[in-house]
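Asks: Just so it is clear, I am handing over final-v8.cif, which has mmCIF, C-alpha atoms.
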data_data
#
loop_
_atom_site.label_atom_id
_atom_site.label_comp_id
_atom_site.auth_asym_id
_atom_site.auth_seq_id
_atom_site.Cartn_x
_atom_site.Cartn_y
_atom_site.Cartn_z
CA MET I 1 -33.93 40.93 60.24
CA ASN I 2 -32.61 41.07 63.73
CA ASN I 3 -31.98 44.74 64.39
CA ILE I 4 -31.08 45.75 67.88
CA VAL I 5 -30.95 49.45 67.10
CA GLU I 6 -33.27 51.20 64.67
CA ILE I 7 -32.88 54.88 64.01
CA THR I 8 -35.11 56.83 61.65
CA GLY I 9 -34.78 60.52 60.82
CA LEU I 10 -32.88 61.22 64.02
CA THR I 11 -32.12 64.90 64.58
CA LYS I 12 -30.52 66.67 67.50
CA LYS I 13 -30.37 70.44 67.85
CA TYR I 14 -28.60 72.41 70.53
CA ARG I 15 -30.28 75.85 70.39
CA ASP I 16 -29.78 76.74 66.74
CA GLN I 17 -26.83 74.38 66.23
CA ILE I 18 -27.71 71.16 64.42
CA ALA I 19 -25.50 68.39 65.81
CA VAL I 20 -27.20 65.47 64.08
CA HIS I 21 -29.35 65.88 61.02
CA ASN I 22 -31.90 63.36 59.78
CA VAL I 23 -29.81 60.25 60.40
CA SER I 24 -31.27 56.81 59.75
CA PHE I 25 -29.57 53.46 60.18
CA ALA I 26 -29.95 50.11 61.86
CA LEU I 27 -27.52 47.97 63.84
CA GLU I 28 -27.91 44.24 63.39
CA ALA I 29 -27.26 41.79 66.17
CA ASN I 30 -23.79 40.30 66.59
CA LYS I 31 -21.82 42.51 64.24
CA ILE I 32 -18.86 44.78 64.87
CA TYR I 33 -19.58 48.28 63.63
CA GLY I 34 -17.27 51.20 63.06
CA LEU I 35 -18.79 54.61 63.70
CA LEU I 36 -16.31 56.86 61.97
CA GLY I 37 -15.90 60.52 61.23
CA ARG I 38 -14.05 63.62 62.26
CA ASN I 39 -14.13 65.04 65.75
CA GLY I 40 -17.29 67.05 66.17
CA ALA I 41 -19.07 65.24 63.34
CA GLY I 42 -21.86 64.12 65.64
CA LYS I 43 -20.74 60.58 66.52
CA THR I 44 -20.81 61.07 70.25
CA THR I 45 -24.20 62.81 70.13
CA ILE I 46 -25.64 59.81 68.32
CA MET I 47 -24.14 57.44 70.89
CA HIS I 48 -25.55 59.57 73.69
CA MET I 49 -29.01 59.27 72.18
CA ILE I 50 -28.74 55.50 71.70
CA THR I 51 -27.70 55.14 75.33
CA ALA I 52 -30.43 57.48 76.61
CA GLN I 53 -28.06 60.17 77.81
CA ALA I 54 -29.52 62.75 75.42
CA PHE I 55 -32.99 63.26 73.95
CA PRO I 56 -33.45 63.51 70.20
CA THR I 57 -35.03 66.73 68.96
CA SER I 58 -36.96 64.68 66.44
CA GLY I 59 -36.93 61.30 64.79
CA GLU I 60 -37.42 57.79 66.03
CA LEU I 61 -35.00 55.70 68.05
CA LYS I 62 -35.51 52.12 69.15
CA VAL I 63 -33.02 50.01 71.06
CA PHE I 64 -33.87 46.32 71.47
CA GLY I 65 -37.24 47.29 70.02
CA GLU I 66 -38.06 49.84 72.69
CA ALA I 67 -37.50 53.47 73.56
CA PRO I 68 -34.37 53.54 75.74
CA TYR I 69 -35.26 56.35 78.16
CA GLU I 70 -35.50 55.23 81.76
CA ASN I 71 -36.13 51.77 80.40
CA ASN I 72 -34.22 49.29 82.46
CA ARG I 73 -34.94 46.37 80.12
CA VAL I 74 -32.95 48.26 77.50
CA LEU I 75 -30.33 49.94 79.64
CA SER I 76 -29.29 46.75 81.45
CA GLN I 77 -28.22 45.30 78.09
CA LEU I 78 -26.17 48.35 77.14
CA CYS I 79 -22.61 49.24 77.96
CA PHE I 80 -21.25 52.60 76.88
CA ILE I 81 -17.54 53.28 77.41
CA LYS I 82 -16.83 56.98 77.16
CA GLU I 83 -13.56 58.67 76.48
CA SER I 84 -14.01 60.96 79.47
CA GLN I 85 -15.67 58.71 82.04
CA LYS I 86 -15.67 60.27 85.51
CA TYR I 87 -15.33 58.24 88.69
CA PRO I 88 -15.96 59.15 92.33
CA ASP I 89 -12.80 60.53 93.92
CA ASN I 90 -12.20 57.74 96.40
CA TYR I 91 -12.75 54.87 93.95
CA ARG I 92 -9.99 52.37 93.34
CA VAL I 93 -9.73 50.13 90.27
CA VAL I 94 -11.14 47.23 92.26
CA ASP I 95 -14.15 49.36 93.32
CA VAL I 96 -14.96 50.18 89.71
CA LEU I 97 -14.90 46.49 88.84
CA ASP I 98 -17.13 45.66 91.84
CA ILE I 99 -19.68 48.29 90.85
CA ALA I 100 -19.58 47.15 87.22
CA GLU I 101 -20.41 43.64 88.40
CA THR I 102 -23.67 44.90 89.92
CA PHE I 103 -24.54 46.91 86.78
CA PHE I 104 -24.11 44.32 84.08
CA PRO I 105 -26.12 41.08 84.22
CA ASN I 106 -23.65 39.24 81.95
CA TRP I 107 -20.53 40.41 83.79
CA ASP I 108 -17.68 37.89 83.70
CA ARG I 109 -15.57 38.39 86.77
CA GLU I 110 -12.88 35.91 85.80
CA PHE I 111 -12.47 37.54 82.41
CA ALA I 112 -12.28 40.98 84.01
CA TYR I 113 -9.46 39.94 86.31
CA ALA I 114 -7.61 38.19 83.50
CA LEU I 115 -7.76 41.48 81.59
CA VAL I 116 -6.49 43.39 84.63
CA LYS I 117 -3.44 41.14 84.49
CA ASP I 118 -3.06 41.55 80.74
CA PHE I 119 -3.12 45.33 81.02
CA GLN I 120 -1.02 45.25 84.21
CA LEU I 121 -3.40 47.44 86.17
CA PRO I 122 -2.78 48.14 89.86
CA LEU I 123 -6.07 47.00 91.46
CA LYS I 124 -5.69 48.99 94.66
CA ARG I 125 -4.71 52.26 93.06
CA ARG I 126 -7.19 55.14 93.18
CA MET I 127 -8.74 56.01 89.85
CA LYS I 128 -7.67 59.63 90.09
CA ARG I 129 -4.05 58.55 90.38
CA LEU I 130 -4.09 56.41 87.24
CA SER I 131 -2.31 57.51 84.08
CA ARG I 132 -4.41 58.38 81.03
CA GLY I 133 -3.56 55.02 79.46
CA MET I 134 -4.51 53.10 82.60
CA LEU I 135 -7.85 54.93 82.75
CA SER I 136 -8.51 53.87 79.18
CA ALA I 137 -7.58 50.30 80.09
CA VAL I 138 -10.16 50.30 82.89
CA GLY I 139 -12.80 51.38 80.38
CA ILE I 140 -11.77 48.65 77.97
CA ILE I 141 -11.91 46.02 80.71
CA VAL I 142 -15.37 47.13 81.83
CA GLY I 143 -16.57 47.20 78.22
CA LEU I 144 -15.29 43.73 77.40
CA ALA I 145 -16.20 42.01 80.67
CA SER I 146 -19.70 43.52 80.66
CA ARG I 147 -20.57 41.19 77.77
CA ALA I 148 -23.46 43.60 77.17
CA MET I 149 -25.55 42.74 74.11
CA LEU I 150 -24.74 46.20 72.81
CA THR I 151 -21.31 47.51 73.78
CA ILE I 152 -20.21 50.91 72.56
CA PHE I 153 -16.63 52.13 72.77
CA ASP I 154 -16.21 55.85 72.15
CA GLU I 155 -12.51 56.58 71.44
CA PRO I 156 -11.56 54.00 74.05
CA TYR I 157 -7.82 54.22 73.82
CA LEU I 158 -6.59 57.66 74.66
CA GLY I 159 -3.09 57.31 76.07
CA LEU I 160 -2.78 53.63 75.20
CA ASP I 161 0.36 52.64 73.32
CA ALA I 162 0.36 50.44 70.22
CA VAL I 163 1.04 47.27 72.24
CA ALA I 164 -1.92 47.88 74.54
CA ARG I 165 -4.19 48.74 71.62
CA SER I 166 -3.20 45.56 69.86
CA LEU I 167 -3.96 43.67 73.08
CA PHE I 168 -7.40 45.27 73.10
CA TYR I 169 -8.07 44.14 69.50
CA ASP I 170 -6.89 40.61 70.31
CA ARG I 171 -9.05 40.23 73.40
CA LEU I 172 -12.02 41.83 71.70
CA LEU I 173 -11.87 39.43 68.75
CA GLU I 174 -11.29 36.36 70.93
CA ASP I 175 -14.14 37.18 73.25
CA TYR I 176 -16.45 38.27 70.47
CA ALA I 177 -15.87 34.96 68.70
CA GLU I 178 -16.86 33.07 71.86
CA ASN I 179 -19.64 35.44 72.88
CA PRO I 180 -21.06 37.19 69.84
CA ARG I 181 -22.71 40.52 70.55
CA THR I 182 -23.02 43.89 68.91
CA ILE I 183 -19.98 46.10 69.24
CA VAL I 184 -19.70 49.70 68.11
CA LEU I 185 -16.22 51.19 67.85
CA SER I 186 -16.09 54.92 67.42
CA THR I 187 -12.63 56.10 66.56
CA HIS I 188 -10.48 58.17 64.30
CA LEU I 189 -7.77 55.48 64.22
CA ILE I 190 -9.52 54.07 61.18
CA ASP I 191 -6.65 52.17 59.60
CA GLU I 192 -6.01 50.30 62.82
CA VAL I 193 -9.55 49.07 63.33
CA SER I 194 -10.64 48.68 59.73
CA LYS I 195 -9.83 44.95 59.66
CA LEU I 196 -11.96 44.34 62.75
CA LEU I 197 -15.09 45.91 61.36
CA GLU I 198 -17.88 44.12 59.60
CA HIS I 199 -19.82 47.27 58.81
CA VAL I 200 -18.93 50.93 58.56
CA LEU I 201 -20.98 54.06 59.30
CA VAL I 202 -19.43 57.42 58.51
CA ILE I 203 -20.86 60.56 60.06
CA ASP I 204 -19.88 63.95 58.75
CA ASN I 205 -21.29 67.34 59.63
CA GLY I 206 -24.10 65.65 61.52
CA GLU I 207 -25.11 63.53 58.54
CA LEU I 208 -24.67 59.89 57.69
CA ILE I 209 -22.59 59.86 54.51
CA LEU I 210 -21.67 56.18 54.30
CA ASN I 211 -23.39 53.01 55.50
CA GLU I 212 -21.66 50.03 53.95
CA ASP I 213 -20.28 46.57 54.51
CA ALA I 214 -16.56 46.92 55.30
CA GLU I 215 -15.56 44.27 52.76
CA GLU I 216 -17.61 45.99 50.08
CA LEU I 217 -15.63 49.15 50.67
CA ARG I 218 -12.28 47.50 50.18
CA GLY I 219 -11.11 48.18 46.66
CA GLN I 220 -14.18 50.33 46.11
CA ALA I 221 -12.03 53.37 45.39
CA SER I 222 -8.72 53.69 43.58
CA THR I 223 -6.18 56.36 42.96
CA VAL I 224 -4.38 56.76 39.64
CA VAL I 225 -1.22 58.78 39.36
CA GLY I 226 0.54 59.92 36.21
CA ALA I 227 0.86 62.60 33.58
CA ALA I 228 -1.98 65.08 34.13
CA ALA I 229 -3.56 64.85 30.68
CA LYS I 230 -3.48 61.05 30.67
CA THR I 231 -4.77 60.80 34.21
CA GLU I 232 -7.65 63.13 33.33
CA ALA I 233 -8.40 61.07 30.25
CA PHE I 234 -8.54 57.90 32.32
CA ALA I 235 -10.83 59.53 34.89
CA ILE I 236 -13.45 60.68 32.38
CA GLY I 237 -16.85 59.30 33.26
CA ARG I 238 -15.76 58.15 36.72
CA GLN I 239 -17.07 59.36 40.05
CA ILE I 240 -14.15 61.44 41.21
CA ILE I 241 -13.85 62.04 44.95
CA HIS I 242 -10.45 63.66 45.13
CA ARG I 243 -7.82 65.13 42.86
CA GLU I 244 -4.41 66.61 43.42
CA SER I 245 -1.89 67.92 40.99
CA MET I 246 1.76 68.81 41.12
CA GLY I 247 3.40 70.29 38.05
CA GLY I 248 2.51 68.03 35.14
CA LEU I 249 1.46 65.19 37.41
CA ALA I 250 -2.02 64.47 38.63
CA SER I 251 -3.43 62.08 41.19
CA ILE I 252 -7.13 61.32 40.96
CA THR I 253 -9.14 59.21 43.37
CA PHE I 254 -12.48 57.85 42.26
CA MET I 255 -15.17 55.43 43.35
CA GLY I 256 -15.74 52.16 41.55
CA ARG I 257 -13.85 48.94 41.15
CA LEU I 258 -11.22 48.59 38.46
CA ASP I 259 -11.53 45.55 36.23
CA ALA I 260 -8.81 43.95 34.11
CA GLU I 261 -9.68 46.19 31.15
CA ASP I 262 -9.28 49.31 33.30
CA ARG I 263 -5.94 48.11 34.55
CA LYS I 264 -4.73 47.42 31.07
CA GLN I 265 -5.82 50.86 29.93
CA ALA I 266 -4.07 52.48 32.89
CA GLU I 267 -0.93 50.57 32.12
CA GLN I 268 -0.99 51.63 28.49
CA LEU I 269 -1.33 55.25 29.58
CA GLY I 270 1.64 54.78 31.91
CA LEU I 271 -0.49 55.40 35.00
CA GLU I 272 0.12 53.93 38.38
CA ILE I 273 -2.79 52.52 40.33
CA ALA I 274 -2.75 52.73 44.12
CA PRO I 275 -5.27 51.29 46.55
CA VAL I 276 -7.25 53.62 48.79
CA SER I 277 -7.44 52.67 52.45
CA LEU I 278 -10.64 53.02 54.42
CA GLN I 279 -9.09 55.93 56.26
CA GLN I 280 -8.27 57.78 53.04
CA LEU I 281 -11.73 57.06 51.71
CA VAL I 282 -13.36 58.52 54.81
CA VAL I 283 -11.11 61.58 54.64
CA HIS I 284 -11.95 62.18 50.97
CA LEU I 285 -15.66 61.65 51.43
CA SER I 286 -15.72 63.93 54.48
CA LYS I 287 -13.90 66.68 52.63
CA ARG I 288 -16.26 66.40 49.73
CA ASN I 289 -19.25 66.64 52.04
CA GLN I 290 -17.85 69.76 53.60
CA GLY I 291 -18.58 71.83 50.55
CA ASN I 292 -15.29 71.42 48.74
CA LYS I 293 -17.44 71.06 45.66
CA GLU I 294 -14.91 72.33 43.13
CA ALA I 295 -13.00 69.11 43.60
CA ILE I 296 -15.87 67.09 42.16
CA ALA I 297 -17.40 69.62 39.83
CA LEU I 298 -14.54 69.44 37.32
CA MET X 1 -3.08 42.33 53.94
CA ASP X 2 -3.31 45.02 51.30
CA ASP X 3 -6.07 47.55 50.79
CA SER X 4 -6.79 46.96 47.15
CA ARG X 5 -8.71 43.70 47.53
CA PRO X 6 -11.27 42.30 49.95
CA ILE X 7 -9.67 40.68 53.00
CA PHE X 8 -11.68 37.48 52.60
CA VAL X 9 -10.13 36.97 49.17
CA GLN X 10 -6.68 37.47 50.68
CA ILE X 11 -7.45 34.98 53.45
CA ALA X 12 -8.55 32.41 50.87
CA GLU X 13 -5.32 33.00 48.93
CA ARG X 14 -3.17 32.48 52.00
CA ILE X 15 -4.86 29.19 52.70
CA GLU X 16 -4.37 28.22 49.05
CA ASN X 17 -0.68 29.06 49.31
CA ASP X 18 -0.36 26.91 52.41
CA ILE X 19 -2.00 24.02 50.61
CA ILE X 20 0.21 24.43 47.54
CA ASP X 21 3.48 24.59 49.46
CA GLY X 22 2.46 21.68 51.66
CA ALA X 23 2.14 23.56 54.94
CA MET X 24 -1.48 22.34 55.02
CA PRO X 25 -1.44 18.75 53.70
CA GLU X 26 -4.56 17.17 52.23
CA GLU X 27 -6.93 15.68 54.79
CA SER X 28 -5.34 17.74 57.54
CA GLN X 29 -7.42 20.01 59.70
CA VAL X 30 -7.22 23.74 59.02
CA PRO X 31 -7.49 26.35 61.77
CA SER X 32 -10.99 27.47 62.72
CA THR X 33 -12.35 30.76 61.44
CA ASN X 34 -11.96 32.18 64.94
CA GLN X 35 -8.31 31.18 64.95
CA PHE X 36 -7.80 32.85 61.58
CA ALA X 37 -9.60 35.94 62.88
CA ALA X 38 -7.42 36.10 65.98
CA PHE X 39 -4.21 35.46 64.06
CA TYR X 40 -4.76 38.12 61.43
CA GLN X 41 -6.70 40.44 63.75
CA ILE X 42 -9.68 40.48 61.43
CA ASN X 43 -13.42 40.23 61.90
CA PRO X 44 -14.49 36.56 62.30
CA ALA X 45 -17.25 37.04 59.73
CA THR X 46 -14.60 38.07 57.20
CA ALA X 47 -12.46 35.04 58.03
CA ALA X 48 -15.51 32.80 57.66
CA LYS X 49 -16.23 34.32 54.26
CA GLY X 50 -12.70 33.51 53.09
CA VAL X 51 -12.91 29.94 54.34
CA ASN X 52 -16.36 29.47 52.79
CA LEU X 53 -15.03 30.61 49.45
CA LEU X 54 -12.76 27.54 49.50
CA VAL X 55 -15.53 25.30 50.83
CA ASP X 56 -17.71 26.33 47.88
CA GLN X 57 -14.90 25.38 45.49
CA GLY X 58 -14.48 22.01 47.20
CA ILE X 59 -10.93 22.83 48.31
CA LEU X 60 -11.93 22.58 51.96
CA TYR X 61 -14.74 20.52 53.46
CA LYS X 62 -16.55 20.54 56.77
CA ARG X 63 -16.80 17.65 59.17
CA ARG X 64 -19.75 18.37 61.36
CA GLY X 65 -18.75 19.09 64.91
CA ILE X 66 -15.04 18.63 64.23
CA GLY X 67 -13.93 21.35 61.87
CA MET X 68 -12.59 22.15 58.46
CA PHE X 69 -10.27 19.90 56.42
CA VAL X 70 -8.28 20.10 53.21
CA ALA X 71 -9.96 17.98 50.52
CA SER X 72 -8.11 15.22 48.69
CA GLY X 73 -6.86 16.42 45.35
CA ALA X 74 -7.05 20.05 46.50
CA LYS X 75 -3.38 20.68 45.83
CA ALA X 76 -3.46 19.43 42.24
CA ARG X 77 -6.58 21.48 41.50
CA LEU X 78 -5.08 24.64 42.95
CA MET X 79 -1.87 24.11 40.98
CA GLU X 80 -3.94 23.78 37.81
CA GLN X 81 -5.77 27.03 38.60
CA ARG X 82 -2.55 28.81 39.37
CA LYS X 83 -0.95 27.64 36.13
CA GLU X 84 -3.82 29.10 34.16
CA HIS X 85 -3.46 32.29 36.17
CA PHE X 86 0.28 32.30 35.54
CA TYR X 87 -0.36 32.06 31.82
CA GLU X 88 -2.80 34.98 31.87
CA GLN X 89 -0.84 37.16 34.23
CA TYR X 90 2.76 36.59 33.11
CA VAL X 91 2.95 34.86 29.75
CA VAL X 92 0.33 36.92 27.94
CA THR X 93 1.69 40.23 29.24
CA MET X 94 5.27 39.14 28.55
CA ILE X 95 4.45 38.35 24.93
CA SER X 96 2.63 41.62 24.36
CA GLU X 97 5.54 43.55 25.87
CA ALA X 98 7.99 41.52 23.73
CA LYS X 99 6.02 42.40 20.60
CA LYS X 100 6.30 46.08 21.45
CA LEU X 101 10.07 45.70 21.62
CA GLY X 102 10.24 43.65 18.43
CA ILE X 103 11.40 40.49 20.21
CA THR X 104 10.53 37.34 18.27
CA VAL X 105 9.20 34.19 19.91
CA ASP X 106 12.54 32.45 19.25
CA GLN X 107 14.45 35.26 20.92
CA LEU X 108 12.02 35.13 23.81
CA THR X 109 12.60 31.40 24.24
CA ASP X 110 16.34 32.02 24.25
CA MET X 111 15.89 34.66 26.89
CA ILE X 112 13.88 32.27 29.07
CA ARG X 113 16.70 29.67 28.80
CA ARG X 114 19.24 32.32 29.63
CA GLY X 115 17.16 33.35 32.64
CA GLU X 116 16.90 29.77 33.81
CA ASN X 117 20.65 29.23 33.65
CA ARG X 118 21.45 32.37 35.49
CA PRO X 119 23.57 31.62 38.53
#
Starting from the file, give its structure as structure tokens.
Replies:
Amino acid sequence: MNNIVEITGLTKKYRDQIAVHNVSFALEANKIYGLLGRNGAGKTTIMHMITAQAFPTSGELKVFGEAPYENNRVLSQLCFIKESQKYPDNYRVVDVLDIAETFFPNWDREFAYALVKDFQLPLKRRMKRLSRGMLSAVGIIVGLASRAMLTIFDEPYLGLDAVARSLFYDRLLEDYAENPRTIVLSTHLIDEVSKLLEHVLVIDNGELILNEDAEELRGQASTVVGAAAKTEAFAIGRQIIHRESMGGLASITFMGRLDAEDRKQAEQLGLEIAPVSLQQLVVHLSKRNQGNKEAIAL
Amino acid sequence: MDDSRPIFVQIAERIENDIIDGAMPEESQVPSTNQFAAFYQINPATAAKGVNLLVDQGILYKRRGIGMFVASGAKARLMEQRKEHFYEQYVVTMISEAKKLGITVDQLTDMIRRGENRP
């Protein structure tokens, strides 16, 4: 096993508010992870602890095998791109890139400037005069060109349009293929990034509720739609994560793969089977975790 | 890409389709896993898994240091597989549906002819 992050029983409390509760997971080298969940679920708190910007209340945290706090061996291999990164008032884009070059030992200057061209950033413009999308682009450029062994993007694309986001995914995949490293993408644009991810972590209410290979998750849940009684009959004995009804119709989402027999049975009952996207799955699982127990108790 | 099946399976199927319709001739080089990943905007590990599925079946083979190639006879083997699949997926279901409607095998054959001659 080549784990670059190991977290065991990690908990973070702010006064009497529990932000992260007993979370354990590991990040393996050279994979792209998705850290998913609703706003306020605790994703950012976890990232802050991994990057030594917050202390855990309890639990164990190792990054590159060591405690990250004031540990330059660890921190020099980390790059954390925050949604709300602040810059000194007089900094221009070019100044940010110059400083980044001194921070990150693996910095690729040529790559950084190629990205500046791709994202059409004005190098001489002051950071405080950039649009929201341009600010995000600067973060993306720093994150990619840092080539840090662990690069974390926390909601990196506020204000970026679909074309620029697609450009980000393209450059990320190209560069990752050439220079494998561990990437963590934290986002609520789950459908957009789901194809990029190798592994998925879902945080909800401060807890880790899913830790699974992305490909394993695909087709892991299904929705059947049809006459209520028949849909209910089909769902008996299955692990139901969501149900909706409208008049005599019901739609039930459950975990578990459907085999040929299941499909045949559904067809005979006149039920329609629809796939469940990763985004829908995360939404359903999060809702369930939030105490909407009646949905599963039935 | 659809959400109901693993992406690596879908990647393997697309390569199979390209081999069957001749877009990827036998003994020609196929794109690298990184090229597949970039083209479909998917994780390179996923693309590699799809390609390896076909390597395991002997449809593709590796030449060390050069890349991945379509094996000789790959097309014929895939066609054979697809025919079997066609039988299971279309013929069997068609016959069971026909039985429900009281259509005899002779009537079914007539219908197929009629379908074939449709302008």
Asks: Given the file shown, determine the residues that the PyMOL selection byres ((chain I) within 7 of (chain X)) selects; report them as a ChimeraX atom specification.
Replies: /I:169-170,173-174,177,195-198,215,218-219,275-277
Asks: Using the chain letters and numbers from the file, which residues does the PyMOL selection byres ((chain I and resi 108) around 12) grab, as a VMD selection string?
Replies: chain I and resid 97 to 98 100 to 107 109 to 115 141 to 148 175 179
Asks: Nearest residue to Tyr91 (chain I) out of I:Ala29, I:Leu130, I:Gln120, I:Pro68, using only C-alpha atoms?
Replies: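 Closest to Tyr91 (chain I) of all the choices is I:Leu130.
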Asks: Would you kindly return, as a PDB file with C-alpha atoms, keeping the file's coordinate frame, each protein, DNA or RNA residue with an atom no farther than 10 Å from any atom of Asp118 (chain I), considering all atoms listed in the file and excluding same-chain residues fewer than 6 positions away?
Replies:
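As written to disk, around_6.pdb reads:
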ATOM      1  CA  ALA I 112     -12.280  40.980  84.010  1.00  0.00           C
ATOM      2  CA  ALA I 137      -7.580  50.300  80.090  1.00  0.00           C
ATOM      3  CA  ILE I 141     -11.910  46.020  80.710  1.00  0.00           C
ATOM      4  CA  ALA I 164      -1.920  47.880  74.540  1.00  0.00           C
ATOM      5  CA  LEU I 167      -3.960  43.670  73.080  1.00  0.00           C
ATOM      6  CA  PHE I 168      -7.400  45.270  73.100  1.00  0.00           C
ATOM      7  CA  ARG I 171      -9.050  40.230  73.400  1.00  0.00           C
TER       8      ARG I 171
END
Asks: Pull out every residue that the PyMOL selection byres ((chain X and resi 74) around 10) matches in the shown coordinates and put them as a PDB file with C-alpha atoms, keeping the file's coordinate frame.
Replies:
ATOM      1  CA  GLU X  16      -4.370  28.220  49.050  1.00  0.00           C
ATOM      2  CA  ILE X  19      -2.000  24.020  50.610  1.00  0.00           C
ATOM      3  CA  ILE X  20       0.210  24.430  47.540  1.00  0.00           C
ATOM      4  CA  PRO X  25      -1.440  18.750  53.700  1.00  0.00           C
ATOM      5  CA  GLU X  26      -4.560  17.170  52.230  1.00  0.00           C
ATOM      6  CA  GLU X  27      -6.930  15.680  54.790  1.00  0.00           C
ATOM      7  CA  LEU X  54     -12.760  27.540  49.500  1.00  0.00           C
ATOM      8  CA  GLN X  57     -14.900  25.380  45.490  1.00  0.00           C
ATOM      9  CA  GLY X  58     -14.480  22.010  47.200  1.00  0.00           C
ATOM     10  CA  ILE X  59     -10.930  22.830  48.310  1.00  0.00           C
ATOM     11  CA  LEU X  60     -11.930  22.580  51.960  1.00  0.00           C
ATOM     12  CA  VAL X  70      -8.280  20.100  53.210  1.00  0.00           C
ATOM     13  CA  ALA X  71      -9.960  17.980  50.520  1.00  0.00           C
ATOM     14  CA  SER X  72      -8.110  15.220  48.690  1.00  0.00           C
ATOM     15  CA  GLY X  73      -6.860  16.420  45.350  1.00  0.00           C
ATOM     16  CA  LYS X  75      -3.380  20.680  45.830  1.00  0.00           C
ATOM     17  CA  ALA X  76      -3.460  19.430  42.240  1.00  0.00           C
ATOM     18  CA  ARG X  77      -6.580  21.480  41.500  1.00  0.00           C
ATOM     19  CA  LEU X  78      -5.080  24.640  42.950  1.00  0.00           C
ATOM     20  CA  MET X  79      -1.870  24.110  40.980  1.00  0.00           C
ATOM     21  CA  GLU X  80      -3.940  23.780  37.810  1.00  0.00           C
TER      22      GLU X  80
END
Asks: Could you tell me how far CA of Glu178 (chain I) sits from CA of Arg165 (chain I), in Å to one decimal place?
Replies: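 So the answer is 20.2 Å.
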